[in-house]
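Trainee: This one is input38.json, JSON, C-alpha atoms.
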```
[["chain", "number", "residue", "atom", "x", "y", "z"],
["A", 140, "LEU", "CA", 0.00, 0.00, 0.00],
["A", 141, "ILE", "CA", 1.73, 3.17, -1.20],
["A", 142, "LEU", "CA", 0.51, 6.40, 0.37],
["A", 143, "LYS", "CA", 1.98, 9.73, 1.39],
["A", 144, "PRO", "CA", 2.68, 9.69, 5.16],
["A", 145, "ASP", "CA", -0.01, 12.29, 5.91],
["A", 146, "THR", "CA", -2.80, 10.60, 3.89],
["A", 147, "PRO", "CA", -5.84, 9.98, 6.10],
["A", 148, "LEU", "CA", -7.36, 6.49, 5.89],
["A", 149, "PHE", "CA", -10.98, 5.61, 6.58],
["A", 150, "VAL", "CA", -12.72, 2.32, 7.31],
["A", 151, "ARG", "CA", -16.35, 2.63, 6.34],
["A", 152, "SER", "CA", -19.17, 0.94, 4.46],
["A", 153, "TRP", "CA", -19.53, 1.13, 0.69],
["A", 154, "GLU", "CA", -21.21, 3.99, -1.10],
["A", 155, "LYS", "CA", -23.33, 3.62, -4.23],
["A", 156, "GLY", "CA", -21.41, 4.43, -7.42],
["A", 157, "GLU", "CA", -17.93, 3.76, -6.01],
["A", 158, "ARG", "CA", -15.36, 2.04, -8.20],
["A", 159, "ILE", "CA", -12.10, 0.14, -7.69],
["A", 160, "GLN", "CA", -9.35, -1.00, -10.02],
["A", 161, "PRO", "CA", -8.96, -4.63, -8.91],
["A", 162, "PHE", "CA", -5.45, -5.96, -8.35],
["A", 163, "GLY", "CA", -3.94, -7.20, -11.61],
["A", 164, "THR", "CA", -6.38, -5.37, -13.92],
["A", 165, "ARG", "CA", -6.20, -2.27, -16.09],
["A", 166, "GLY", "CA", -9.75, -0.98, -15.80],
["A", 167, "SER", "CA", -11.97, -0.04, -12.90],
["A", 168, "LYS", "CA", -15.12, -1.81, -11.80],
["A", 169, "PRO", "CA", -18.10, -0.74, -9.69],
["A", 170, "LEU", "CA", -18.02, -2.01, -6.10],
["A", 171, "SER", "CA", -21.55, -3.30, -6.68],
["A", 172, "ASP", "CA", -20.08, -5.66, -9.32],
["A", 173, "VAL", "CA", -17.36, -6.79, -6.90],
["A", 174, "PHE", "CA", -20.12, -7.73, -4.43],
["A", 175, "ILE", "CA", -22.19, -9.48, -7.11],
["A", 176, "ASP", "CA", -19.18, -11.45, -8.40],
["A", 177, "ALA", "CA", -18.44, -12.58, -4.83],
["A", 178, "LYS", "CA", -22.12, -13.48, -4.29],
["A", 179, "ILE", "CA", -22.42, -11.12, -1.30],
["A", 180, "PRO", "CA", -26.11, -10.73, -0.35],
["A", 181, "LEU", "CA", -27.56, -7.22, -0.54],
["A", 182, "HIS", "CA", -28.09, -7.05, 3.24],
["A", 183, "GLN", "CA", -24.40, -7.85, 3.85],
["A", 184, "LYS", "CA", -22.93, -5.10, 1.63],
["A", 185, "PRO", "CA", -23.15, -2.37, 4.30],
["A", 186, "LEU", "CA", -21.42, -4.72, 6.77],
["A", 187, "THR", "CA", -18.36, -5.26, 4.54],
["A", 188, "PRO", "CA", -15.55, -2.87, 5.58],
["A", 189, "ILE", "CA", -14.02, -0.61, 2.93],
["A", 190, "LEU", "CA", -10.55, 0.89, 3.46],
["A", 191, "ALA", "CA", -10.32, 4.19, 1.59],
["A", 192, "THR", "CA", -8.64, 7.53, 1.28],
["A", 193, "SER", "CA", -10.81, 10.60, 0.80],
["A", 194, "SER", "CA", -10.84, 9.92, -2.96],
["A", 195, "ASP", "CA", -10.03, 6.23, -3.61],
["A", 196, "VAL", "CA", -11.14, 2.80, -2.45],
["A", 197, "ILE", "CA", -8.04, 0.83, -1.43],
["A", 198, "TRP", "CA", -9.51, -2.45, -0.20],
["A", 199, "VAL", "CA", -12.84, -4.22, 0.04],
["A", 200, "ALA", "CA", -12.28, -6.47, 3.05],
["A", 201, "GLY", "CA", -11.85, -10.09, 2.04],
["A", 202, "LEU", "CA", -12.74, -9.42, -1.59],
["A", 203, "CYS", "CA", -10.60, -6.99, -3.54],
["A", 204, "PHE", "CA", -7.45, -4.87, -3.30],
["A", 205, "SER", "CA", -6.78, -1.87, -5.57],
["A", 206, "GLU", "CA", -4.09, -2.03, -8.26],
["A", 207, "LYS", "CA", -3.49, 1.70, -7.71],
["A", 208, "PHE", "CA", -1.85, 0.97, -4.36],
["A", 209, "ARG", "CA", 0.25, -2.05, -5.38],
["A", 210, "LEU", "CA", 3.78, -2.30, -4.00],
["A", 211, "THR", "CA", 6.57, -2.72, -6.55],
["A", 212, "GLU", "CA", 10.24, -3.61, -6.24],
["A", 213, "SER", "CA", 11.12, 0.09, -6.39],
["A", 214, "ASP", "CA", 9.11, 0.72, -3.21],
["A", 215, "SER", "CA", 11.97, -0.17, -0.90],
["A", 216, "ASN", "CA", 11.22, 2.57, 1.65],
["A", 217, "SER", "CA", 7.78, 1.23, 2.49],
["A", 218, "THR", "CA", 6.14, 0.47, 5.82],
["A", 219, "LEU", "CA", 4.17, -2.74, 6.19],
["A", 220, "TRP", "CA", 0.74, -2.40, 7.80],
["A", 221, "LYS", "CA", -1.21, -5.28, 9.22],
["A", 222, "ILE", "CA", -4.92, -4.60, 9.52],
["A", 223, "ARG", "CA", -7.27, -6.68, 11.63],
["A", 224, "ILE", "CA", -10.98, -6.00, 11.49],
["A", 225, "THR", "CA", -13.13, -7.46, 14.23],
["A", 226, "ALA", "CA", -16.87, -7.26, 14.70],
["A", 227, "LEU", "CA", -18.19, -5.09, 17.49],
["A", 228, "SER", "CA", -20.36, -6.94, 19.97]]
```
Would you write the structure of this file as structure tokens?
Mentor:
Amino acid sequence: LILKPDTPLFVRSWEKGERIQPFGTRGSKPLSDVFIDAKIPLHQKPLTPILATSSDVIWVAGLCFSEKFRLTESDSNSTLWKIRITALS
């Protein structure tokens, strides 16, 4: 995940009309299609965490990671983040 150090990150639910460029692809795809392809029921979409900046979707938890934020060999000065999402009880 390549970001400027001061980039704010948000974990939130999906918003209608959002798109992502899935890892390994050239074009973008609506998040609604990502959910359909993964056979996620309509009632579960708002419960699926989305990691995003103010302008881009980075990750749809358990389903899709954005190509825009892919690490490459030239990204040697990167910090590794481990994200754990747990349900609130």
Trainee: Using only C-alpha atoms, which protein or nucleic acid residues come within 9 Å of Glu157 (chain A)? Drop anything in the same chain fewer than 2 positions from it, and give the result as a compact mmCIF listing (two decimals) with C-alpha atoms, keeping the file's coordinate frame.
Mentor:
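The resulting file, part_15.txt, is reproduced below:
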```
# COMPACT_ATOMS: atom_id res chain seq x y z
CA TRP A 153 -19.53 1.13 0.69
CA GLU A 154 -21.21 3.99 -1.10
CA LYS A 155 -23.33 3.62 -4.23
CA ILE A 159 -12.10 0.14 -7.69
CA LYS A 168 -15.12 -1.81 -11.80
CA PRO A 169 -18.10 -0.74 -9.69
CA LEU A 170 -18.02 -2.01 -6.10
CA SER A 171 -21.55 -3.30 -6.68
CA ASP A 195 -10.03 6.23 -3.61
CA VAL A 196 -11.14 2.80 -2.45
```
Trainee: For a test of reading the model, state the distance in Å between CA of Pro188 (chain A) and CA of Phe174 (chain A), rounded to one decimal.
Mentor: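 Answer for the CA of Pro188 (chain A) to CA of Phe174 (chain A) separation: 12.0 Å.
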Trainee: Which value, in Å to one decimal, gives the distance between CA of Phe208 (chain A) and CA of Pro147 (chain A)?
Mentor: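 One can read the CA of Phe208 (chain A) to CA of Pro147 (chain A) distance as 14.4 Å.
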Trainee: When you count only C-alpha atoms, which of these residues is closest to Leu142 (chain A): A:Thr192, A:Thr187, A:Gln160, A:Ser167?
Mentor: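 Nearest to Leu142 (chain A): A:Thr192.
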Trainee: Name all residues at most 9 Å from Leu148 (chain A) (count only C-alpha atoms; drop same-chain ones fewer than 3 positions away) and give them as a PyMOL selection string.
Mentor: chain A and resi 190-193
Trainee: Which residues are near Val173 (chain A)? Cut-off 10 Å, all atoms listed in the file, ignore same chain within fewer than 5 positions. Put them as a list of chain:residue names.
Mentor: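 Selected residues are A:Arg158, A:Ile159, A:Pro161, A:Lys168, A:Lys178, A:Ile179, A:Val199, A:Leu202, A:Cys203.
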Trainee: One decimal, Å: what's the distance from CA of Gly201 (chain A) over to CA of Ile189 (chain A), could you say?
Mentor: 9.8 Å
Trainee: Mind rebuilding region 147-168 of chain A with N, CA and C atoms and writing that out as a short mmCIF file (atom, residue, chain, number, x, y, z; two decimals), in the coordinates of the input?
Mentor:
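Contents of part_1.cif, freshly written:
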```cif
data_model
loop_
_atom_site.label_atom_id
_atom_site.label_comp_id
_atom_site.auth_asym_id
_atom_site.auth_seq_id
_atom_site.Cartn_x
_atom_site.Cartn_y
_atom_site.Cartn_z
N PRO A 147 -4.90 10.59 5.16
CA PRO A 147 -5.84 9.98 6.10
C PRO A 147 -6.50 8.74 5.48
N LEU A 148 -6.68 7.71 6.30
CA LEU A 148 -7.36 6.49 5.89
C LEU A 148 -8.67 6.36 6.65
N PHE A 149 -9.66 5.79 5.98
CA PHE A 149 -10.98 5.61 6.58
C PHE A 149 -11.43 4.17 6.40
N VAL A 150 -12.04 3.61 7.42
CA VAL A 150 -12.72 2.32 7.31
C VAL A 150 -14.19 2.64 7.43
N ARG A 151 -14.94 2.27 6.40
CA ARG A 151 -16.35 2.63 6.34
C ARG A 151 -17.10 1.61 5.49
N SER A 152 -18.39 1.81 5.34
CA SER A 152 -19.17 0.94 4.46
C SER A 152 -19.15 1.51 3.04
N TRP A 153 -19.59 0.70 2.09
CA TRP A 153 -19.53 1.13 0.69
C TRP A 153 -20.57 2.20 0.40
N GLU A 154 -20.30 2.95 -0.66
CA GLU A 154 -21.21 3.99 -1.10
C GLU A 154 -21.58 3.72 -2.55
N LYS A 155 -22.84 3.89 -2.88
CA LYS A 155 -23.33 3.62 -4.23
C LYS A 155 -22.52 4.42 -5.25
N GLY A 156 -22.14 3.77 -6.34
CA GLY A 156 -21.41 4.43 -7.42
C GLY A 156 -19.90 4.35 -7.31
N GLU A 157 -19.38 3.85 -6.18
CA GLU A 157 -17.93 3.76 -6.01
C GLU A 157 -17.34 2.72 -6.94
N ARG A 158 -16.07 2.95 -7.30
CA ARG A 158 -15.36 2.04 -8.20
C ARG A 158 -14.00 1.69 -7.59
N ILE A 159 -13.44 0.58 -8.08
CA ILE A 159 -12.10 0.14 -7.69
C ILE A 159 -11.43 -0.46 -8.92
N GLN A 160 -10.12 -0.31 -8.99
CA GLN A 160 -9.35 -1.00 -10.02
C GLN A 160 -8.77 -2.25 -9.37
N PRO A 161 -9.42 -3.41 -9.59
CA PRO A 161 -8.96 -4.63 -8.91
C PRO A 161 -7.51 -4.98 -9.23
N PHE A 162 -6.84 -5.54 -8.23
CA PHE A 162 -5.45 -5.96 -8.35
C PHE A 162 -5.25 -6.80 -9.61
N GLY A 163 -4.26 -6.44 -10.41
CA GLY A 163 -3.94 -7.20 -11.61
C GLY A 163 -4.75 -6.83 -12.85
N THR A 164 -5.58 -5.78 -12.76
CA THR A 164 -6.38 -5.37 -13.92
C THR A 164 -6.01 -3.97 -14.36
N ARG A 165 -6.47 -3.61 -15.56
CA ARG A 165 -6.20 -2.27 -16.09
C ARG A 165 -7.37 -1.32 -15.87
N GLY A 166 -8.58 -1.84 -15.91
CA GLY A 166 -9.75 -0.98 -15.80
C GLY A 166 -10.37 -1.02 -14.42
N SER A 167 -11.27 -0.07 -14.19
CA SER A 167 -11.97 -0.04 -12.90
C SER A 167 -13.30 -0.77 -13.02
N LYS A 168 -13.88 -1.05 -11.87
CA LYS A 168 -15.12 -1.81 -11.80
C LYS A 168 -15.94 -1.27 -10.63
#
```
